[in-house]
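What follows is a short report on a single structure.
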Amino acid sequence: MPPVVVSPPLRMEVLQAGVEEEVRRLVARELHDRVAQTLTGMLVDVENFKSEQVSWQDVVQQLDGIQSSTRQVLASIRQLLHDLRGEEALDGSFVDAVKALLVRFEAKTGIRPEIEITEGWPKALTPQASLNLYRIIEEALSNIRMHSGAKSVRIVLGPHAENELGIVVEDDGRGVDTDPSRPVGMGTIGMRERAMFLGGHIRVESENGHGTLVRAMFPKDLLVSHDTVIVAKRKSS
């Protein structure tokens with residue numbers, strides 16, 4: 001039987017379909033990360049506020065918070081539209097961006113954060129690694145805010161093995177159901193997709209009443225900037 005020859009127009013249609021599917025997945029993930037999380041948090045805050053005995057000043061403060069969150073949603077949508085024209089990058093270093101995220105997280109939630117950067121964590125990551133690792137941590141914090149009832153959260157960045165880097169996000173909340181038959185939320189799906197994009201994987205460990213631990217592990221050589229590796233080798237030689 002002669003080989004099947006795919007015509008150039010058909011080949012282009014197949015390629016275009018693949019690109020369109022990837023764009024749809026990207027938009028769905030980013031809308032969840034940037035917009036749905038904020039809107040869900042707003043709904044939770046409003047629902048909790050309705051059951052409280054408050055003064056007019058409390059009402060004004062709550063409206064100020066809703067106004068601020070609405071601005072954040074609009075800014076996220078504008079940023080997403082901008083990002084569709086090209087991949088965004090974090091401002092500054094990855095560690096600095098995570099520390100700034102934790103400052104905002106504590107101000108918003110009152111949950112006490114702690115971060116530990118252990119020896120061996122690289123000084124520089126690739127732009128793709130920085131962005132996706134940041135989003136994974138951001139999603140884990142969002143889950144803690146909305147579901148855990150935690151008082152504190154601890155993040156550890158460091159080597160997991162000789163050729164692996166790991167991120168741990170651990171809280172002291174009520175825990176979650178990790179039964180494999182339980183439906184997986186969009187946030188967890190998004191974290192796993194981002195981890196797979198970087199060649200890694202995520203494991204969620206939890207026990208009722210004893211908090212939740214999210215552990216993400218990645219091949220080091222897929223996260224670290226090649227220029228950083230060259231400089232490190234030169235210094236050690």
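Naming works like this for the structure tokens: A, B, ... for the chains as they're shown, residue 1 at the start of each chain, ligands 1 onward in shown order.
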
| task | Would you mind writing down, as a ChimeraX atom specification, each residue of segment 24-209 of chain A that DSSP on the backbone assigns to strand (DSSP E or B)? | result | /A:112-117,125,152-161,164-171,201-206

Gly199 of chain A surroundings by only C-alpha atoms, 9 Å radius, close-in-sequence under 2 positions cut, as an mmCIF file with C-alpha atoms, in the first residue's frame:
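This went into selection38.cif:
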data_model
loop_
_atom_site.group_PDB
_atom_site.id
_atom_site.type_symbol
_atom_site.label_atom_id
_atom_site.label_comp_id
_atom_site.auth_asym_id
_atom_site.auth_seq_id
_atom_site.Cartn_x
_atom_site.Cartn_y
_atom_site.Cartn_z
ATOM 1 C CA ARG A 194 1.309 23.896 34.842
ATOM 2 C CA ALA A 195 3.451 21.293 36.605
ATOM 3 C CA MET A 196 3.271 18.965 33.590
ATOM 4 C CA PHE A 197 4.260 21.871 31.338
ATOM 5 C CA HIS A 201 4.107 16.636 39.042
ATOM 6 C CA MET A 217 8.548 18.432 42.153
ATOM 7 C CA PHE A 218 10.383 19.319 38.947
ATOM 8 C CA PRO A 219 13.547 18.368 37.033
ATOM 9 C CA LEU A 222 14.060 22.297 33.045
#

| Shell around Val224 of chain A at 10 Å using only C-alpha atoms, local window under 3 positions removed, as a list in words | Trp121, Pro122, Lys123, Ala124, Leu125, Thr126, Pro127, Ala129, Ser130, Leu165, Pro219, Lys220, Asp221, Asp227, Thr228 and Val229 of chain A

| field | Non-local contacts of Gly185 of chain A (12 Å; only C-alpha atoms; under 5 positions in same chain excluded) as a PyMOL selection string | value | chain A and resi 29+32+37+139-140+143+176-178+190-192

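What separates atom CA of Arg112 of chain A from atom CA of Ala150 of chain A is a distance of 8.9 Å.
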
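Near Glu205 of chain A, within a cut-off of 8 Å and counting only C-alpha atoms, sit the residues Thr178, Thr212, Leu213, Val214 and Arg215 of chain A, with same-chain residues fewer than 6 positions away left out.
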
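Nearest residue to Met186 of chain A, choosing from A:Leu31, A:Val95, A:Val23, A:Leu198 and counting only C-alpha atoms: A:Leu31.
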
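Using only C-alpha atoms, the shortest contact distance between Val27 of chain A and any of A:Gly209, A:Phe105, A:Ile77, A:Ser69 is found at A:Ile77.
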
| Among listed residues A:Leu157, A:Val73, A:Leu133, A:Pro113, nearest Val35 of chain A (using only C-alpha atoms) | A:Val73

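Distances to Lys151 of chain A were evaluated for A:Glu52, A:Glu114, A:Glu164, A:Glu138 using only C-alpha atoms, and the minimum falls at A:Glu114.
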
| message | Please return, as an MDAnalysis selection string, all residues of segment 19-164 of chain A that DSSP assigns to alpha helix (DSSP H) on the basis of the backbone. | response | chainID A and resid 19:31 37:50 56:83 94:109 127:143

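Taking atom CA of Arg203 of chain A and atom CA of Val103 of chain A as endpoints, the distance between them is 25.5 Å.
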
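Going from atom CA of Arg154 of chain A over to atom CA of Glu170 of chain A, you cover 5.2 Å.
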
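Across A:Arg135, A:His160, A:Arg145, A:Lys99, the tightest approach to Gly120 of chain A is made by A:His160 when counting only C-alpha atoms.
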
| task | Could you check which of A:Leu26, A:Val168, A:Val46, A:Leu63 is closest to Leu141 of chain A, using only C-alpha atoms? | result | A:Val168
